[in-house]
Every structure is written in C-alpha cells, then in structure tokens.
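S.K.: One file: data.txt (compact mmCIF, C-alpha atoms).
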# COMPACT_ATOMS: atom_id res chain seq x y z
CA MET J 145 0.00 0.00 0.00
CA SER J 146 1.34 3.43 -0.94
CA ILE J 147 0.88 6.02 1.81
CA GLU J 148 2.15 9.56 2.15
CA ALA J 149 1.55 11.20 5.54
CA PHE J 150 2.72 13.97 7.81
CA SER J 151 1.29 15.79 10.81
CA TYR J 152 1.56 18.76 13.14
CA GLY J 153 0.66 19.40 16.78
CA SER J 154 -1.12 17.34 19.42
CA THR J 155 -4.69 16.12 19.96
CA SER J 156 -4.55 17.74 23.40
CA SER J 157 -4.77 21.16 21.69
CA LEU J 158 -4.52 21.50 17.89
CA TYR J 159 -3.57 18.63 15.58
CA VAL J 160 -3.38 18.50 11.78
CA GLU J 161 -2.76 15.32 9.78
CA TYR J 162 -2.41 14.78 6.03
CA VAL J 163 -2.69 11.33 4.43
CA LYS J 164 -2.66 10.24 0.78
CA ARG J 165 -3.51 6.63 -0.06
CA SER J 166 -3.50 4.70 -3.32
CA GLU J 167 -5.04 1.41 -2.12
CA PRO J 168 -8.52 0.57 -0.75
CA TYR J 169 -8.88 1.63 2.87
CA THR J 170 -11.53 1.45 5.58
CA MET J 171 -10.83 2.69 9.09
CA SER J 172 -9.99 -0.27 11.31
CA ILE J 173 -10.53 1.67 14.53
CA ASP J 174 -14.11 2.14 15.72
CA HIS J 175 -14.04 5.40 17.55
CA PHE J 176 -15.31 8.65 18.96
CA HIS J 177 -13.28 11.22 20.86
CA SER J 178 -13.50 14.17 23.23
CA TYR J 179 -12.26 16.75 20.72
CA TYR J 180 -13.69 18.27 17.54
CA GLU J 181 -12.68 16.98 14.11
CA ILE J 182 -12.73 18.60 10.67
CA TYR J 183 -12.24 16.24 7.72
CA TYR J 184 -11.53 17.71 4.28
CA LEU J 185 -11.25 15.56 1.18
CA LEU J 186 -8.57 17.00 -1.10
CA SER J 187 -9.07 14.41 -3.85
CA GLY J 188 -10.99 11.20 -4.50
CA SER J 189 -14.22 10.04 -2.88
CA ARG J 190 -15.13 8.32 0.39
CA VAL J 191 -18.10 6.99 2.33
CA TYR J 192 -18.43 8.47 5.81
CA PHE J 193 -20.64 7.11 8.58
CA VAL J 194 -21.49 9.75 11.19
CA LYS J 195 -23.74 9.07 14.21
CA ASP J 196 -26.65 7.37 12.41
CA ARG J 197 -26.24 8.09 8.69
CA THR J 198 -23.85 7.40 5.83
CA PHE J 199 -22.71 10.15 3.46
CA ARG J 200 -20.94 10.01 0.12
CA VAL J 201 -18.12 12.51 0.44
CA GLU J 202 -16.52 14.00 -2.67
CA GLN J 203 -13.50 16.18 -3.34
CA GLY J 204 -13.94 19.55 -1.62
CA ASP J 205 -16.48 18.36 0.96
CA LEU J 206 -15.98 19.24 4.62
CA VAL J 207 -17.08 16.91 7.44
CA PHE J 208 -17.54 18.36 10.92
CA ILE J 209 -17.49 15.74 13.69
CA ASP J 210 -18.72 16.95 17.07
CA LYS J 211 -17.29 15.62 20.33
CA SER J 212 -18.31 12.08 21.32
CA VAL J 213 -19.95 11.31 17.97
CA VAL J 214 -19.30 7.82 16.60
CA HIS J 215 -17.86 7.96 13.08
CA LYS J 216 -15.93 5.93 10.54
CA THR J 217 -14.69 6.33 6.96
CA LEU J 218 -15.18 3.53 4.44
CA GLN J 219 -13.99 2.71 0.95
CA GLY J 220 -16.57 3.86 -1.60
CA PRO J 221 -17.56 2.21 -4.91
CA LEU J 222 -15.15 4.34 -6.97
CA ALA J 223 -11.35 4.32 -7.28
CA PRO J 224 -9.58 3.95 -3.90
CA GLU J 225 -7.05 6.76 -4.43
CA HIS J 226 -7.73 9.70 -2.14
CA GLU J 227 -6.03 12.33 -0.03
CA ARG J 228 -7.45 14.05 3.00
CA ILE J 229 -6.63 16.31 5.89
CA VAL J 230 -8.05 16.00 9.42
CA ILE J 231 -7.93 18.75 12.00
CA HIS J 232 -8.52 18.09 15.70
CA PHE J 233 -8.92 20.73 18.39
CA THR J 234 -10.22 20.94 21.94
CA ASP J 235 -12.58 23.32 23.71
CA ALA J 236 -9.66 24.77 25.65
CA TYR J 237 -7.74 25.46 22.45
CA LEU J 238 -10.69 27.17 20.77
CA GLU J 239 -11.43 29.28 23.83
CA GLY J 240 -7.82 30.42 23.82
CA VAL J 241 -7.84 31.60 20.21
CA ALA J 242 -11.47 32.69 19.78
CA GLY J 243 -12.73 33.69 23.23
CA SER J 244 -16.29 35.00 23.03
CA ASN J 245 -16.48 34.01 19.33
CA SER J 246 -16.07 30.30 20.12
CA ALA J 247 -19.80 29.62 19.75
CA LEU J 248 -19.79 31.16 16.27
CA LEU J 249 -16.88 29.01 15.14
CA LEU J 250 -18.58 25.87 16.45
CA GLU J 251 -21.75 26.40 14.41
CA PRO J 252 -20.64 23.95 11.66
CA PHE J 253 -20.62 21.21 14.30
CA ARG J 254 -24.20 22.00 15.34
CA GLN J 255 -25.89 21.55 11.97
CA ALA J 256 -28.36 18.80 11.09
CA SER J 257 -25.89 17.50 8.51
CA PRO J 258 -22.22 17.04 9.39
CA VAL J 259 -21.18 17.21 5.72
CA ILE J 260 -20.89 20.68 4.21
CA ARG J 261 -20.41 21.43 0.49
CA LEU J 262 -19.44 25.08 0.19
CA PRO J 263 -20.53 27.18 -2.81
CA ARG J 264 -17.91 27.11 -5.57
CA SER J 265 -16.37 30.54 -4.92
CA GLU J 266 -16.11 29.90 -1.18
CA LEU J 267 -14.72 26.42 -1.76
CA ARG J 268 -11.86 27.84 -3.81
CA SER J 269 -10.95 30.14 -0.93
CA ALA J 270 -11.18 27.33 1.66
CA ASP J 271 -9.13 25.01 -0.51
CA THR J 272 -6.42 27.67 -0.86
CA VAL J 273 -6.28 28.11 2.94
CA ILE J 274 -6.00 24.37 3.51
CA ARG J 275 -3.32 23.80 0.87
CA ARG J 276 -1.26 26.69 2.22
CA LEU J 277 -1.57 25.16 5.70
CA LEU J 278 -0.31 21.83 4.38
CA GLY J 279 2.56 23.47 2.56
CA GLU J 280 3.71 25.20 5.73
CA ILE J 281 3.53 22.00 7.78
CA ARG J 282 5.33 19.98 5.13
CA LEU J 283 8.20 22.44 4.47
CA LYS J 284 8.45 24.02 7.95
CA PRO J 285 9.77 27.47 6.95
CA ALA J 286 10.65 29.96 9.69
CA GLY J 287 7.56 30.79 11.73
CA TYR J 288 5.40 28.07 10.19
CA GLU J 289 3.89 27.38 13.63
CA LEU J 290 1.94 30.64 13.29
CA VAL J 291 0.01 29.36 10.27
CA PRO J 292 -2.08 26.40 11.59
CA PRO J 293 -4.00 28.38 14.25
CA ALA J 294 -4.75 31.20 11.81
CA ALA J 295 -5.74 28.82 9.00
CA VAL J 296 -8.07 26.74 11.17
CA THR J 297 -9.73 29.87 12.55
CA GLU J 298 -10.19 31.23 9.03
CA LEU J 299 -11.70 27.96 7.82
CA LEU J 300 -14.15 27.76 10.73
CA LEU J 301 -15.17 31.40 10.37
CA ALA J 302 -15.70 31.13 6.60
CA THR J 303 -17.83 27.99 7.01
CA SER J 304 -19.89 29.50 9.84
CA ARG J 305 -20.61 32.61 7.78
CA SER J 306 -21.49 30.53 4.74
CA LEU J 307 -23.97 28.47 6.75
CA ARG J 308 -25.71 31.66 7.85
CA GLU J 309 -25.97 32.86 4.25
CA ASN J 310 -26.73 29.59 2.45
CA ALA J 311 -29.54 27.39 3.71
CA HIS J 312 -28.82 24.26 1.67
CA ILE J 313 -25.11 23.48 1.78
CA GLY J 314 -25.46 20.56 4.22
CA LEU J 315 -25.64 17.22 2.40
CA ASP J 316 -28.26 14.56 2.97
CA GLY J 317 -27.30 11.02 3.92
CA ASP J 318 -27.83 8.04 1.65
CA THR J 319 -31.58 7.41 1.33
CA SER J 320 -31.73 4.01 -0.38
CA PRO J 321 -34.21 1.55 1.21
CA LYS J 322 -31.38 -0.59 2.60
CA HIS J 323 -29.65 2.42 4.13
CA ALA J 324 -32.90 3.76 5.52
CA LYS J 325 -33.58 0.45 7.27
CA ILE J 326 -30.11 0.26 8.81
CA PHE J 327 -30.23 3.90 9.92
CA GLU J 328 -33.52 3.17 11.66
CA ILE J 329 -31.85 0.30 13.51
CA VAL J 330 -28.84 2.48 14.40
CA ARG J 331 -31.15 5.10 15.89
CA TYR J 332 -32.90 2.35 17.87
CA LEU J 333 -29.54 1.22 19.30
CA ASN J 334 -28.62 4.81 20.15
CA GLU J 335 -31.81 5.09 22.21
CA HIS J 336 -31.99 1.58 23.73
CA TYR J 337 -28.33 0.68 24.39
CA ASP J 338 -29.17 0.39 28.10
CA GLU J 339 -31.55 -2.51 27.47
CA PRO J 340 -30.82 -6.17 26.67
CA VAL J 341 -30.20 -6.15 22.91
CA LYS J 342 -29.89 -9.29 20.79
CA LEU J 343 -29.33 -9.25 17.05
CA GLY J 344 -31.95 -11.92 16.39
CA GLU J 345 -34.64 -10.05 18.29
CA ILE J 346 -33.80 -6.75 16.59
CA ALA J 347 -33.90 -8.48 13.22
CA ALA J 348 -37.37 -9.83 13.96
CA ASP J 349 -38.60 -6.45 15.21
CA PHE J 350 -37.45 -4.78 12.00
CA TYR J 351 -38.62 -7.56 9.67
CA ILE J 352 -35.19 -8.57 8.39
CA SER J 353 -33.26 -11.82 8.68
CA PRO J 354 -30.39 -11.94 11.21
CA TYR J 355 -27.91 -12.78 8.44
CA HIS J 356 -29.08 -9.90 6.26
CA LEU J 357 -29.07 -7.50 9.22
CA SER J 358 -25.54 -8.48 10.20
CA ARG J 359 -24.21 -8.19 6.66
CA SER J 360 -26.06 -4.97 5.79
CA PHE J 361 -25.19 -3.29 9.07
CA ARG J 362 -21.48 -3.71 8.44
CA GLU J 363 -21.75 -2.78 4.77
CA VAL J 364 -23.64 0.45 5.50
CA THR J 365 -21.96 1.64 8.70
CA GLY J 366 -18.53 -0.01 8.63
CA PHE J 367 -19.20 -1.48 12.10
CA THR J 368 -20.32 -4.92 13.12
CA PHE J 369 -23.64 -4.87 14.98
CA SER J 370 -22.02 -5.94 18.26
CA ASP J 371 -19.09 -3.52 17.95
CA TYR J 372 -21.39 -0.57 17.36
CA LEU J 373 -23.54 -1.47 20.36
CA LEU J 374 -20.45 -1.89 22.54
CA LEU J 375 -19.01 1.43 21.41
CA THR J 376 -22.29 3.21 22.14
CA ARG J 377 -22.45 1.72 25.64
CA VAL J 378 -18.83 2.63 26.44
CA LYS J 379 -19.36 6.17 25.16
CA GLU J 380 -22.26 6.64 27.56
CA ALA J 381 -20.24 5.10 30.39
CA GLN J 382 -17.49 7.65 29.73
CA ARG J 383 -20.01 10.46 29.97
CA GLN J 384 -21.38 9.22 33.28
CA LEU J 385 -17.92 8.61 34.74
CA LYS J 386 -16.96 12.17 33.87
CA GLU J 387 -20.19 13.99 34.75
CA THR J 388 -21.68 12.03 37.68
CA ASP J 389 -20.64 10.51 41.01
CA LEU J 390 -22.53 7.27 40.45
CA PRO J 391 -20.67 4.11 41.49
CA ILE J 392 -18.91 2.40 38.62
CA ALA J 393 -20.93 -0.79 39.00
CA GLY J 394 -24.14 1.25 38.73
CA ILE J 395 -22.87 2.98 35.61
CA ALA J 396 -22.02 -0.36 34.01
CA ALA J 397 -25.54 -1.64 34.64
CA SER J 398 -27.17 1.59 33.41
CA CYS J 399 -25.25 1.32 30.15
CA GLY J 400 -26.47 -2.18 29.36
CA PHE J 401 -23.63 -4.31 30.77
CA ASP J 402 -24.93 -7.26 32.79
CA ASN J 403 -21.43 -8.38 33.80
CA PHE J 404 -19.16 -5.95 35.65
CA SER J 405 -15.96 -7.80 34.74
CA HIS J 406 -16.92 -7.75 31.05
CA PHE J 407 -17.63 -4.02 31.32
CA GLY J 408 -14.15 -3.36 32.73
CA LYS J 409 -12.44 -5.39 30.01
CA MET J 410 -14.40 -3.78 27.15
CA PHE J 411 -14.02 -0.29 28.56
CA LYS J 412 -10.24 -0.69 28.77
CA LYS J 413 -10.07 -2.24 25.31
CA ILE J 414 -11.69 0.82 23.76
CA THR J 415 -10.32 3.63 25.94
CA ARG J 416 -6.95 2.11 26.98
CA GLN J 417 -7.88 2.93 30.59
CA SER J 418 -9.84 1.24 33.33
CA PRO J 419 -13.10 2.95 34.31
CA ARG J 420 -11.49 4.11 37.55
CA GLU J 421 -8.45 5.53 35.73
CA TYR J 422 -10.69 7.28 33.24
CA ARG J 423 -12.80 8.91 35.96
CA LYS J 424 -9.72 10.11 37.79
CA GLY J 425 -8.13 11.57 34.66
CA ALA J 426 -11.33 13.21 33.44
CA ARG J 427 -11.56 15.31 36.59
CA PHE J 428 -8.10 16.81 36.46
Show me, as structure tokens, the structure contained in the file I just sent.
M.R.:
Amino acid sequence: MSIEAFSYGSTSSLYVEYVKRSEPYTMSIDHFHSYYEIYYLLSGSRVYFVKDRTFRVEQGDLVFIDKSVVHKTLQGPLAPEHERIVIHFTDAYLEGVAGSNSALLLEPFRQASPVIRLPRSELRSADTVIRRLLGEIRLKPAGYELVPPAAVTELLLATSRSLRENAHIGLDGDTSPKHAKIFEIVRYLNEHYDEPVKLGEIAADFYISPYHLSRSFREVTGFTFSDYLLLTRVKEAQRQLKETDLPIAGIAASCGFDNFSHFGKMFKKITRQSPREYRKGARF
C-alpha cells in the first residue's frame, strides 16, 4: 500500500494530519473522541458514517465531527485513491484563540448534517487556505507554527458565515431503502443501548433476517452490529464517569452491561484505561 503522511501538533490542543492513499482503505478503529474533528477531502471520494447516517463525500467536501460522535470512513464504490486532511482541536484550544467568538466558530458542528459542500467561490478560498496550511507544515519554513491556528480559525469562520448565508449546503445522507432500514436500527440502538439487545430479536422487530441484518449493518456503517452497540455503551459510560458521582458498578448496569468484569475489560479495550483511571483523569 502506498501512503504519504505527515502531521503537526497534538490532539490535546490542535492537531493536523495529512494522508494520501492509493489502495482501498476502511478505518480499522471504531471510535469517537473528546475533541472536535474537521475532515476535508482533497481528492478522490469516500463513504463516511457519522452518528446514524452514511454520506458520500466527494472532493472539496468538509465533514464536521462533534465531540463524542461515533464515526468511521469507508472505501466507496469508486477508485480507492484519495487524499485528505483532518484537524482536531479541543474546547480549551478554541477558547484560547477565539474567546467569546467560540460559539460562532462551532456552528458547523451544530448543523443537522455534518457534511458541508461550500458554494464554488467559497470552496476555492477554503481550498487555498488548507493547501497553504499543508505546505507550511510539510516544508516548515521559519515561523510556520503561526500558520495552523490562523488557517483553522479562518476555515471555521468562513464555514460558519457561509452556513448563515446559504440554507442548503449541508448534504443529505444516503436514502436508499437498505440504508434507511439500517439507519432506523442504528437510531434504535442509540436510544436503547441500556436494554438487553440481541441481534436476532432486533432483526425480527425490523422484519429482516439476522444474516441480512448483520451483513447490511457492516456494509452500511462499517461497524459490526455488536461492535457498534459496545461502542455506544462505552461512550455513555465515559459520559457518566466524567459527569456524575454514580458508582462504577451502577454505571455499568445503566449502560447495558450485565457483567461488571466484562464491562471493565471492554471499557479498557476501547479507551486504553480502566473505568477508575478514566474517571480520575477526566476530573483533572
């Protein structure tokens, strides 16, 4: 597989990563995170699952992933070659550079659709900003560290203003019957993760065979049924560990885990920390 990649910064504040691939690729890591993500496709095409829908992302499209939103990129039906940039930043970082304007810059993350296709003239400007950012990071001329914060702020501001002026630049998710059925099931899991959930019973409730549900779920979302359910439960457990004082055993049960030992193992597998370690770190 041919890969070209380089990066700048840290996910604890501001992080920028460029990757160009020539072979088929689907994200192997099922994830969500506590920082914001901007994904910009410089060339090629991709399929992007975000929260409960799948989007076909083309060159020039921007994807805005809010904190703690499950997402995954998949290989689309077209040629596998593509290049993209991802930008990560935290609340603390944004507050430091934008202050009282932070809410304005976060508006792209608050839209009904996470995928934004800017009008042509605005896209040219955004693309120029992003390519200049990449050039600075790649070549590292004197003072290049000044460019990423300014470029990211400019990109967020331009997109926020465009959203206020253009009502229909957010893209709709795939609406085929198969996708619609799977998205309905995803939304059910998002709302009922705390209950006993079995694939066979869900398949019967939604009038689909277990085999077809299992196969279609992975094809549409990029996740297996069980992995998506597990990720959703762990994500909620993280929220409760951070925001409440409930005992860990109670949190495990409230998130749908009927075995405390299993909860601990799965939580650590996904987060690389035990529930107790995560709670301690989240409060400092």
S.K.: Mind pulling up the distance from CA of Ile395 (chain J) to CA of Lys216 (chain J)?
M.R.: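 CA of Ile395 (chain J) lies at a distance of 26.2 Å from CA of Lys216 (chain J).
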S.K.: Can you measure CA of Ile352 (chain J) to CA of Tyr332 (chain J) for me? One decimal in Å is fine.
M.R.: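 Rounded to one decimal, the two atoms are 14.6 Å apart.
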S.K.: Tell me, in Å to one decimal, how far CA of Thr365 (chain J) is from CA of Thr198 (chain J).
M.R.: 6.7 Å
S.K.: For region 148-224 of chain J against region 334-350 of chain J, with a cut-off of 12 Å and counting only C-alpha atoms, what is the closest atom pair and its distance in Å to one decimal for every residue that makes the cut, ordered by chain and number, as a Markdown table?
M.R.:
| residue | atom | partner | partner_atom | distance |
| --- | --- | --- | --- | --- |
| J:Lys195 | CA | J:Asn334 | CA | 8.8 |
| J:Asp196 | CA | J:Asn334 | CA | 8.4 |
| J:Val213 | CA | J:Asn334 | CA | 11.1 |
| J:Val214 | CA | J:Asn334 | CA | 10.4 |
S.K.: If we count all atoms listed in the file and set the cut-off at 8 Å, which residues sit around Arg165 (chain J), ignoring sequence neighbours fewer than 6 positions away in its own chain? Please answer as a list in words.
M.R.: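 My list of contacting residues is Met145, Ser146, Ile147, Glu148, Pro224, Glu225, His226 and Glu227 of chain J.
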S.K.: Keeping only C-alpha atoms, write those residues as a PDB file, in the frame of the given file.
M.R.:
ATOM      1  CA  MET J 145       0.000   0.000   0.000  1.00  0.00           C
ATOM      2  CA  SER J 146       1.340   3.430  -0.940  1.00  0.00           C
ATOM      3  CA  ILE J 147       0.880   6.020   1.810  1.00  0.00           C
ATOM      4  CA  GLU J 148       2.150   9.560   2.150  1.00  0.00           C
ATOM      5  CA  PRO J 224      -9.580   3.950  -3.900  1.00  0.00           C
ATOM      6  CA  GLU J 225      -7.050   6.760  -4.430  1.00  0.00           C
ATOM      7  CA  HIS J 226      -7.730   9.700  -2.140  1.00  0.00           C
ATOM      8  CA  GLU J 227      -6.030  12.330  -0.030  1.00  0.00           C
TER       9      GLU J 227
END
S.K.: Within 10 Å of Val296 (chain J), counting only C-alpha atoms, which residues show up once you throw out same-chain ones fewer than 4 positions away? Write them as a PyMOL selection string, please.
M.R.: chain J and resi 158+160+182+231-233+238+249+273-274+277+291-292+300-302
S.K.: Between J:Pro221, J:Pro258, J:Pro252, J:Gly394, which one has atoms that come closest to Phe199 (chain J), using all atoms listed in the file?
M.R.: J:Pro258
S.K.: Using all atoms listed in the file, pick whichever of J:Phe411, J:Phe150, J:Tyr372, J:Tyr351 has the shortest atom-to-atom distance to Val330 (chain J).
M.R.: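 Answer, going by the shortest atom-to-atom distance: J:Tyr372.
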S.K.: Could you check the closest approach to Ile414 (chain J) for each of J:Lys386, J:Arg377, J:Arg197, J:Arg264 and tell me which residue wins, using all atoms listed in the file?
M.R.: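 Closest to Ile414 (chain J) of all the choices is J:Arg377.
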S.K.: Which protein, DNA or RNA residues are at most 12 Å from (-23.1, 30.7, 3.5) in the file's coordinates when you count all atoms listed in the file, listed as a PyMOL selection string?
M.R.: chain J and resi 251-252+260-267+300-314
S.K.: Can you list, as a list in words, every protein, DNA or RNA residue that comes within 7 Å of Val191 (chain J) when you count all atoms listed in the file, leaving out same-chain residues fewer than 4 positions away?
M.R.: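 Returned residues: Thr198, Phe199, Arg200, Val201, Thr217, Leu218, Gln219 and Gly220 of chain J.
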S.K.: Would you mind telling me which residue in J:Ser320, J:Thr376, J:Thr170, J:Ser151 lies nearest to Ile229 (chain J) when using all atoms listed in the file?
M.R.: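 Distance minimum relative to Ile229 (chain J) lands on J:Ser151.
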S.K.: If I only have part of region 182-194 of chain J, can you fill in N, CA and C atoms and write it as a compact mmCIF listing (two decimals), in the frame of the given file?
M.R.:
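Writing done, so here's part-v9.txt:
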# COMPACT_ATOMS: atom_id res chain seq x y z
N ILE J 182 -12.37 18.14 12.02
CA ILE J 182 -12.73 18.60 10.67
C ILE J 182 -12.03 17.66 9.70
N TYR J 183 -12.78 17.12 8.75
CA TYR J 183 -12.24 16.24 7.72
C TYR J 183 -12.48 16.92 6.38
N TYR J 184 -11.41 17.08 5.60
CA TYR J 184 -11.53 17.71 4.28
C TYR J 184 -10.92 16.79 3.25
N LEU J 185 -11.72 16.47 2.21
CA LEU J 185 -11.25 15.56 1.18
C LEU J 185 -10.63 16.37 0.04
N LEU J 186 -9.32 16.25 -0.09
CA LEU J 186 -8.57 17.00 -1.10
C LEU J 186 -8.73 16.39 -2.49
N SER J 187 -8.86 15.08 -2.57
CA SER J 187 -9.07 14.41 -3.85
C SER J 187 -9.68 13.04 -3.60
N GLY J 188 -10.37 12.51 -4.61
CA GLY J 188 -10.99 11.20 -4.50
C GLY J 188 -12.40 11.26 -3.96
N SER J 189 -12.89 10.13 -3.47
CA SER J 189 -14.22 10.04 -2.88
C SER J 189 -14.19 9.01 -1.76
N ARG J 190 -15.06 9.21 -0.77
CA ARG J 190 -15.13 8.32 0.39
C ARG J 190 -16.58 8.16 0.81
N VAL J 191 -16.82 7.15 1.64
CA VAL J 191 -18.10 6.99 2.33
C VAL J 191 -17.83 7.26 3.80
N TYR J 192 -18.68 8.06 4.43
CA TYR J 192 -18.43 8.47 5.81
C TYR J 192 -19.68 8.21 6.64
N PHE J 193 -19.54 7.35 7.64
CA PHE J 193 -20.64 7.11 8.58
C PHE J 193 -20.47 8.04 9.77
N VAL J 194 -21.52 8.81 10.07
CA VAL J 194 -21.49 9.75 11.19
C VAL J 194 -22.78 9.60 12.00
